[in-house]
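The file entry.csv comes next; it holds CSV, C-alpha atoms.
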```
chain,number,residue,atom,x,y,z
A,1,LEU,CA,3.5,67.7,-15.0
A,2,LEU,CA,1.1,65.8,-12.6
A,3,VAL,CA,2.8,62.9,-10.8
A,4,GLY,CA,0.4,60.4,-9.3
A,5,THR,CA,1.6,58.1,-6.5
A,6,ARG,CA,0.2,55.6,-4.0
A,7,SER,CA,0.0,58.4,-1.5
A,8,GLY,CA,-1.4,61.4,-3.3
A,9,LEU,CA,-0.8,63.8,-6.2
A,10,TYR,CA,2.4,65.9,-6.7
A,11,LEU,CA,3.4,68.6,-9.1
A,12,GLY,CA,6.5,68.0,-11.2
A,13,GLU,CA,8.5,70.8,-12.7
A,14,ARG,CA,11.5,70.4,-15.1
A,15,GLU,CA,14.7,72.0,-14.0
A,16,ALA,CA,17.3,71.6,-16.7
A,17,ALA,CA,17.8,67.8,-16.9
A,18,ARG,CA,16.1,67.1,-13.6
A,19,LEU,CA,12.5,66.7,-12.6
A,20,GLU,CA,11.6,68.5,-9.3
A,21,VAL,CA,8.6,67.0,-7.6
A,22,ARG,CA,6.8,69.0,-4.9
A,23,GLN,CA,3.7,68.9,-2.8
A,24,VAL,CA,1.0,71.5,-3.5
A,25,PRO,CA,-1.5,72.6,-0.8
A,26,ALA,CA,-4.2,72.4,-3.4
A,27,PHE,CA,-3.7,68.6,-3.5
A,28,ALA,CA,-4.1,68.1,0.3
A,29,ALA,CA,-7.4,66.3,-0.1
A,30,LEU,CA,-5.6,63.6,-2.1
A,31,LYS,CA,-2.7,62.9,0.2
A,32,ALA,CA,-4.1,59.5,1.3
A,33,GLU,CA,-5.3,58.5,-2.2
A,34,LEU,CA,-3.9,56.0,-4.7
A,35,ILE,CA,-3.8,58.0,-7.9
A,36,THR,CA,-4.7,55.8,-10.9
A,37,SER,CA,-4.9,58.3,-13.8
A,38,THR,CA,-5.0,62.0,-14.8
A,39,LEU,CA,-6.5,63.9,-17.7
A,40,VAL,CA,-5.4,67.4,-18.4
A,41,TRP,CA,-7.8,69.6,-20.4
A,42,THR,CA,-5.8,72.8,-20.7
A,43,ASP,CA,-2.5,73.4,-22.5
A,44,ASP,CA,1.0,73.8,-21.0
A,45,THR,CA,0.8,77.6,-21.1
A,46,THR,CA,-2.0,77.7,-18.5
A,47,GLU,CA,-0.9,78.7,-15.0
A,48,PHE,CA,-1.3,75.9,-12.6
A,49,GLU,CA,-3.9,77.7,-10.4
A,50,ASP,CA,-6.2,78.0,-13.5
A,51,ALA,CA,-5.4,74.6,-15.1
A,52,ARG,CA,-8.3,72.3,-15.7
A,53,PHE,CA,-7.7,68.6,-15.1
A,54,TRP,CA,-9.2,65.4,-13.7
A,55,VAL,CA,-7.7,63.0,-11.3
A,56,GLY,CA,-8.9,59.4,-11.0
A,57,THR,CA,-8.5,57.6,-7.7
A,58,LEU,CA,-9.8,54.4,-6.1
A,59,SER,CA,-12.3,56.5,-4.1
A,60,GLY,CA,-13.6,58.7,-6.9
A,61,LEU,CA,-13.1,61.2,-9.6
A,62,TYR,CA,-11.8,64.7,-8.8
A,63,GLY,CA,-11.6,67.8,-10.9
A,64,HIS,CA,-9.5,70.9,-10.7
A,65,ASP,CA,-10.0,74.4,-12.2
A,66,ALA,CA,-9.7,78.0,-11.1
A,67,ARG,CA,-12.1,77.2,-8.2
A,68,GLY,CA,-9.7,74.6,-6.9
A,69,LEU,CA,-10.0,70.8,-6.4
A,70,ARG,CA,-13.4,69.2,-5.9
A,71,ARG,CA,-15.1,65.8,-6.1
A,72,LEU,CA,-16.9,65.0,-9.4
A,73,GLY,CA,-19.3,62.4,-10.6
A,74,GLU,CA,-22.0,61.4,-8.1
A,75,GLN,CA,-24.5,64.2,-8.8
A,76,ALA,CA,-23.7,64.1,-12.6
A,77,GLY,CA,-24.4,60.4,-12.9
A,78,LEU,CA,-21.1,58.6,-12.3
A,79,ALA,CA,-22.1,55.8,-9.9
A,80,SER,CA,-18.8,53.9,-9.7
A,81,ALA,CA,-16.2,55.5,-7.5
A,82,ARG,CA,-13.2,53.3,-8.3
A,83,VAL,CA,-11.7,55.0,-11.3
A,84,ARG,CA,-8.9,53.3,-13.3
A,85,VAL,CA,-8.4,55.1,-16.6
A,86,LEU,CA,-9.3,58.4,-18.2
A,87,GLN,CA,-9.1,59.4,-21.9
A,88,ALA,CA,-10.1,62.6,-23.7
A,89,GLN,CA,-12.2,62.1,-26.8
A,90,PRO,CA,-11.8,63.9,-30.2
A,91,GLU,CA,-15.3,65.3,-30.0
A,92,GLY,CA,-14.6,66.9,-26.6
A,93,GLY,CA,-16.0,64.4,-24.2
A,94,ALA,CA,-14.1,61.8,-22.2
A,95,LEU,CA,-14.2,58.0,-21.5
A,96,ILE,CA,-13.9,56.9,-17.8
A,97,GLY,CA,-13.0,53.4,-17.1
A,98,THR,CA,-13.8,52.1,-13.6
A,99,GLU,CA,-13.8,48.8,-11.8
A,100,ALA,CA,-17.5,48.5,-12.5
A,101,GLY,CA,-17.8,49.5,-16.1
A,102,LEU,CA,-17.3,52.2,-18.8
A,103,TRP,CA,-18.7,55.7,-18.7
A,104,TYR,CA,-18.8,58.7,-21.1
A,105,TRP,CA,-18.7,62.3,-20.2
A,106,ASP,CA,-20.7,64.4,-22.7
A,107,GLY,CA,-19.7,67.8,-21.2
A,108,GLU,CA,-22.6,67.9,-18.8
A,109,ARG,CA,-23.3,64.4,-17.5
A,110,PHE,CA,-21.8,60.9,-17.2
A,111,ARG,CA,-23.5,58.2,-19.3
A,112,ARG,CA,-23.0,54.5,-18.7
A,113,GLU,CA,-21.9,52.8,-21.9
A,114,GLN,CA,-23.7,49.7,-23.1
A,115,HIS,CA,-23.2,46.7,-25.4
A,116,GLY,CA,-26.0,44.6,-26.6
A,117,GLY,CA,-28.6,46.5,-24.6
A,118,ARG,CA,-26.8,45.9,-21.3
A,119,ASP,CA,-24.5,48.0,-19.2
A,120,ILE,CA,-20.8,47.4,-19.8
A,121,ASP,CA,-19.9,46.3,-16.2
A,122,ALA,CA,-16.4,44.8,-16.7
A,123,PHE,CA,-13.3,46.1,-14.9
A,124,ILE,CA,-11.9,48.6,-17.4
A,125,SER,CA,-8.1,48.6,-17.4
A,126,ALA,CA,-6.9,50.3,-20.6
A,127,LEU,CA,-8.1,52.8,-23.3
A,128,ALA,CA,-6.7,53.5,-26.7
A,129,LEU,CA,-7.7,55.7,-29.7
A,130,LEU,CA,-7.1,54.3,-33.2
A,131,GLY,CA,-6.1,56.4,-36.2
A,132,ASP,CA,-9.4,55.7,-37.9
A,133,GLY,CA,-11.4,57.2,-35.0
A,134,ARG,CA,-12.4,53.9,-33.3
A,135,ARG,CA,-11.7,53.4,-29.6
A,136,VAL,CA,-10.3,50.2,-28.0
A,137,VAL,CA,-11.3,49.5,-24.5
A,138,GLY,CA,-9.4,46.9,-22.6
A,139,THR,CA,-10.7,45.0,-19.6
A,140,LEU,CA,-9.1,43.0,-16.8
A,141,ASP,CA,-10.4,39.6,-18.0
A,142,ALA,CA,-13.4,40.1,-20.4
A,143,GLY,CA,-11.8,40.9,-23.8
A,144,LEU,CA,-11.7,44.1,-25.8
A,145,TYR,CA,-14.5,46.5,-26.8
A,146,ILE,CA,-14.0,48.2,-30.2
A,147,GLY,CA,-16.1,51.1,-31.5
A,148,ARG,CA,-17.2,54.5,-30.4
A,149,PRO,CA,-19.3,55.9,-27.5
A,150,GLY,CA,-22.8,54.4,-27.8
A,151,GLU,CA,-21.7,51.8,-30.4
A,152,TRP,CA,-19.5,48.9,-29.2
A,153,GLN,CA,-18.4,45.5,-30.4
A,154,LEU,CA,-16.9,42.9,-28.0
A,155,LEU,CA,-14.0,40.7,-28.9
A,156,ASP,CA,-13.0,37.8,-26.7
A,157,ASP,CA,-11.4,34.4,-26.8
A,158,GLU,CA,-14.2,33.1,-29.0
A,159,ASP,CA,-13.0,35.6,-31.6
A,160,GLY,CA,-9.4,34.5,-31.4
A,161,LEU,CA,-7.9,36.7,-28.7
A,162,PRO,CA,-5.0,34.8,-27.1
A,163,GLN,CA,-5.4,36.5,-23.7
A,164,PRO,CA,-8.5,38.0,-22.3
A,165,GLY,CA,-7.1,41.0,-20.4
A,166,ALA,CA,-5.3,44.2,-21.3
A,167,HIS,CA,-3.0,46.4,-19.3
A,168,PHE,CA,-1.8,48.6,-22.2
A,169,ILE,CA,-3.1,49.0,-25.8
A,170,ALA,CA,-1.3,50.9,-28.6
A,171,GLU,CA,-1.6,51.3,-32.4
A,172,LEU,CA,1.9,51.0,-33.9
A,173,GLY,CA,1.9,51.2,-37.7
A,174,ALA,CA,-0.7,48.9,-39.0
A,175,GLU,CA,-0.8,46.7,-35.9
A,176,LEU,CA,-2.6,46.8,-32.6
A,177,TRP,CA,-0.4,45.8,-29.7
A,178,VAL,CA,-1.9,44.6,-26.4
A,179,ALA,CA,0.1,44.0,-23.2
A,180,THR,CA,-1.6,41.8,-20.7
A,181,ALA,CA,-0.8,40.2,-17.3
A,182,GLU,CA,0.3,37.1,-19.3
A,183,GLY,CA,2.4,38.8,-21.9
A,184,LEU,CA,2.1,40.7,-25.2
A,185,TYR,CA,0.3,40.0,-28.5
A,186,ARG,CA,-0.3,41.9,-31.7
A,187,LEU,CA,-2.8,41.8,-34.6
A,188,PRO,CA,-3.5,43.8,-37.7
A,189,VAL,CA,-5.8,46.8,-37.1
A,190,ALA,CA,-7.6,45.9,-40.4
A,191,ALA,CA,-8.5,42.5,-39.0
A,192,LEU,CA,-10.6,44.1,-36.3
A,193,SER,CA,-13.4,44.4,-38.9
A,194,GLY,CA,-12.6,41.2,-40.7
A,195,THR,CA,-13.4,37.5,-40.4
A,196,ARG,CA,-12.8,35.4,-37.4
A,197,PRO,CA,-10.8,34.0,-35.8
A,198,LEU,CA,-8.5,37.0,-35.4
A,199,PRO,CA,-4.9,36.5,-36.7
A,200,ALA,CA,-3.4,37.4,-33.4
A,201,GLU,CA,0.3,36.6,-32.8
A,202,VAL,CA,1.7,36.1,-29.2
A,203,VAL,CA,5.0,38.0,-28.9
A,204,LEU,CA,5.7,37.4,-25.2
A,205,SER,CA,4.2,35.0,-22.8
A,206,SER,CA,4.8,34.0,-19.2
A,207,ALA,CA,3.1,30.6,-19.8
A,208,GLY,CA,6.2,29.1,-21.4
A,209,ARG,CA,4.2,27.9,-24.5
A,210,PHE,CA,5.4,30.6,-26.9
A,211,ARG,CA,8.5,32.1,-28.4
A,212,GLY,CA,9.9,34.8,-26.0
A,213,SER,CA,8.4,33.3,-22.9
A,214,GLN,CA,9.7,34.8,-19.6
A,215,PRO,CA,8.5,35.4,-16.1
A,216,MET,CA,6.2,38.4,-15.6
A,217,ARG,CA,5.8,40.6,-12.5
A,218,CYS,CA,3.0,42.9,-11.4
A,219,CYS,CA,2.6,45.9,-11.1
A,220,ASN,CA,2.9,49.7,-10.9
A,221,GLY,CA,0.4,50.3,-8.1
A,222,GLY,CA,-2.7,50.3,-10.3
A,223,GLY,CA,-1.8,53.4,-12.3
A,224,ASP,CA,-2.4,53.6,-16.0
A,225,ALA,CA,1.2,54.5,-17.1
A,226,ARG,CA,2.1,51.0,-18.2
A,227,GLY,CA,3.4,51.7,-21.7
A,228,LEU,CA,4.7,54.4,-24.1
A,229,VAL,CA,4.9,54.8,-27.9
A,230,ASP,CA,8.0,56.7,-28.9
A,231,GLY,CA,8.2,57.1,-32.6
A,232,ASN,CA,8.2,53.5,-34.0
A,233,GLN,CA,9.2,52.0,-30.6
A,234,LEU,CA,6.9,50.5,-28.0
A,235,LEU,CA,8.2,50.8,-24.5
A,236,LEU,CA,6.6,48.5,-21.8
```
Represent the structure contained in this file as structure tokens.
Amino acid sequence: LLVGTRSGLYLGEREAARLEVRQVPAFAALKAELITSTLVWTDDTTEFEDARFWVGTLSGLYGHDARGLRRLGEQAGLASARVRVLQAQPEGGALIGTEAGLWYWDGERFRREQHGGRDIDAFISALALLGDGRRVVGTLDAGLYIGRPGEWQLLDDEDGLPQPGAHFIAELGAELWVATAEGLYRLPVAALSGTRPLPAEVVLSSAGRFRGSQPMRCCNGGGDARGLVDGNQLLL
């Protein structure tokens, strides 16, 4: 288990009902880094020394394999250093969300994703994979991108989104749940391809205008572990 903190990356190991967290010499280069996300490519049976995984930080993307830890991205086309979220893709690639846009790793190079012929340059804050294969990309304040690498549709307040940002996105049953800095809303997944405005329902709001309004506080240091789906429960 990789444990990202405000001051580096640690290795967690389960001991009975406890989680033991320890420093690893291989992570020394990250001791001053704020860890925002991790992406593990190998399974749990792989020895740590040979494990392949990525680590997103606010100063760049790092990769680990049998050769050790090294900086990734710049020579392979990833121009933005401030990485926020990482997500493996079913076809074997990966989406990389940064503070300056969305990128796709095709196994050899990083490609900047576009919408309408222009680079997606929004602050990317959340990533989700739907059961039908579509991806949902959340931004800090510019709406949601729906689609697949190389083919995106933008949804924003003009389409009926009640809140423009997204801190966490999850598909639960037939609904898409989106947690934001202002609260929480949901909408039917089927409506993403339907008519506008979107039939979104605000469940929680800090603005005091909706049922369930309550004060909100931020945040968890900028990491991407802001929610969890456990069976039919959504934990935020």
Which residues of region 87-176 of chain A sit at most 9 Å from region 185-208 of chain A, using only C-alpha atoms? Give each one's shortest atom pair and distance in Å (one decimal place), in chain and ascending residue order, as a tab-separated table.
```
residue	atom	partner	partner_atom	distance
A:Leu130	CA	A:Val189	CA	8.6
A:Ile146	CA	A:Leu192	CA	8.1
A:Leu155	CA	A:Leu192	CA	8.8
A:Glu158	CA	A:Pro197	CA	7.7
A:Asp159	CA	A:Pro197	CA	5.0
A:Gly160	CA	A:Pro197	CA	4.6
A:Leu161	CA	A:Ala200	CA	6.5
A:Pro162	CA	A:Ala200	CA	7.0
A:Gln163	CA	A:Tyr185	CA	8.2
A:Glu171	CA	A:Val189	CA	7.7
A:Gly173	CA	A:Val189	CA	8.9
A:Ala174	CA	A:Val189	CA	5.8
A:Glu175	CA	A:Pro188	CA	4.4
A:Leu176	CA	A:Leu187	CA	5.4
```
Write out the residues from the selection above, keeping C-alpha atoms, as a CSV table (one decimal), in the frame of the given file.
```
chain,number,residue,atom,x,y,z
A,130,LEU,CA,-7.1,54.3,-33.2
A,146,ILE,CA,-14.0,48.2,-30.2
A,155,LEU,CA,-14.0,40.7,-28.9
A,158,GLU,CA,-14.2,33.1,-29.0
A,159,ASP,CA,-13.0,35.6,-31.6
A,160,GLY,CA,-9.4,34.5,-31.4
A,161,LEU,CA,-7.9,36.7,-28.7
A,162,PRO,CA,-5.0,34.8,-27.1
A,163,GLN,CA,-5.4,36.5,-23.7
A,171,GLU,CA,-1.6,51.3,-32.4
A,173,GLY,CA,1.9,51.2,-37.7
A,174,ALA,CA,-0.7,48.9,-39.0
A,175,GLU,CA,-0.8,46.7,-35.9
A,176,LEU,CA,-2.6,46.8,-32.6
```
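Among the candidates A:Leu86, A:Leu95, A:Leu129, A:Ala29, the one nearest to Ala170 (chain A) when counting all atoms listed in the file is A:Leu129.
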### Message
Given all atoms listed in the file as the basis, pick out the residue of A:Tyr104, A:Phe27, A:Phe168, A:Phe53 nearest to Ala181 (chain A).
### Response
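Between A:Tyr104, A:Phe27, A:Phe168, A:Phe53, the residue approaching Ala181 (chain A) most closely is A:Phe168.
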| field | A:Val229, A:Ala51, A:Ile124, A:Leu2 ranked by distance to Arg84 (chain A), top pick (using all atoms listed in the file) | value |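 Ranking A:Val229, A:Ala51, A:Ile124, A:Leu2 by distance to Arg84 (chain A), first place goes to A:Ile124.
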One decimal place gives the CA of Thr46 (chain A)-CA of His64 (chain A) separation as 12.8 Å
Protein/DNA/RNA residues near (7.4, 72.2, -14.0), cut 12 Å, only C-alpha atoms, as an MDAnalysis selection string:
chainID A and resid 1:3 10:22 44:48
task: Using CA of Leu154 (chain A) and CA of Gly73 (chain A) as the two end points, give the distance in Å to one decimal.
output: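 That distance, rounded to one decimal, is 26.2 Å.
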Env of Arg82 (chain A): 10 Å cut, atoms = only C-alpha atoms, seq-sep filter 3 positions within chain, self excluded. Answer as a list in words.
Thr36, Gly56, Thr57, Leu58, Ser59, Gly60, Leu61, Ala79, Val85, Gly97, Thr98, Glu99, Ala100, Gly101 and Phe123 of chain A
ask   = By how many Å are CA of Asn232 (chain A) and CA of Ala142 (chain A) apart?
value =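 Value for the CA of Asn232 (chain A)-CA of Ala142 (chain A) distance: 28.8 Å.
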(request) Select, counting all atoms listed in the file, all protein, DNA and RNA residues no farther than 9 Å from (-24.0, 45.8, -33.3) in file coordinates, and express the selection as a ChimeraX atom specification. (result) /A:115-116,151-153
Those residues with C-alpha atoms, as a CSV table (one decimal), in the frame of the given file please?
```csv
chain,number,residue,atom,x,y,z
A,115,HIS,CA,-23.2,46.7,-25.4
A,116,GLY,CA,-26.0,44.6,-26.6
A,151,GLU,CA,-21.7,51.8,-30.4
A,152,TRP,CA,-19.5,48.9,-29.2
A,153,GLN,CA,-18.4,45.5,-30.4
```
*Which neighbours of Glu91 (chain A) fall inside 12 Å, counting only C-alpha atoms, when residues of the same chain fewer than 2 positions from it are skipped, and could you give them as a list in words?*
Gln87, Ala88, Gln89, Gly93, Ala94, Leu95, Tyr104, Trp105, Asp106, Gly107, Gly133, Arg148 and Pro149 of chain A
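Of the residues under consideration (A:Gly77, A:Trp54, A:Arg70, A:Thr42), A:Arg70 shows the shortest atom-to-atom contact distance to Ala26 (chain A) when counting all atoms listed in the file.
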message = If we count all atoms listed in the file and set the cut-off at 6 Å, which residues sit around Asp65 (chain A), ignoring sequence neighbours fewer than 2 positions away in its own chain? Please answer as a list in words.
response =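 Skipping anything fewer than 2 positions along the chain leaves Asp50, Ala51, Arg52, Arg67 and Gly68 of chain A.
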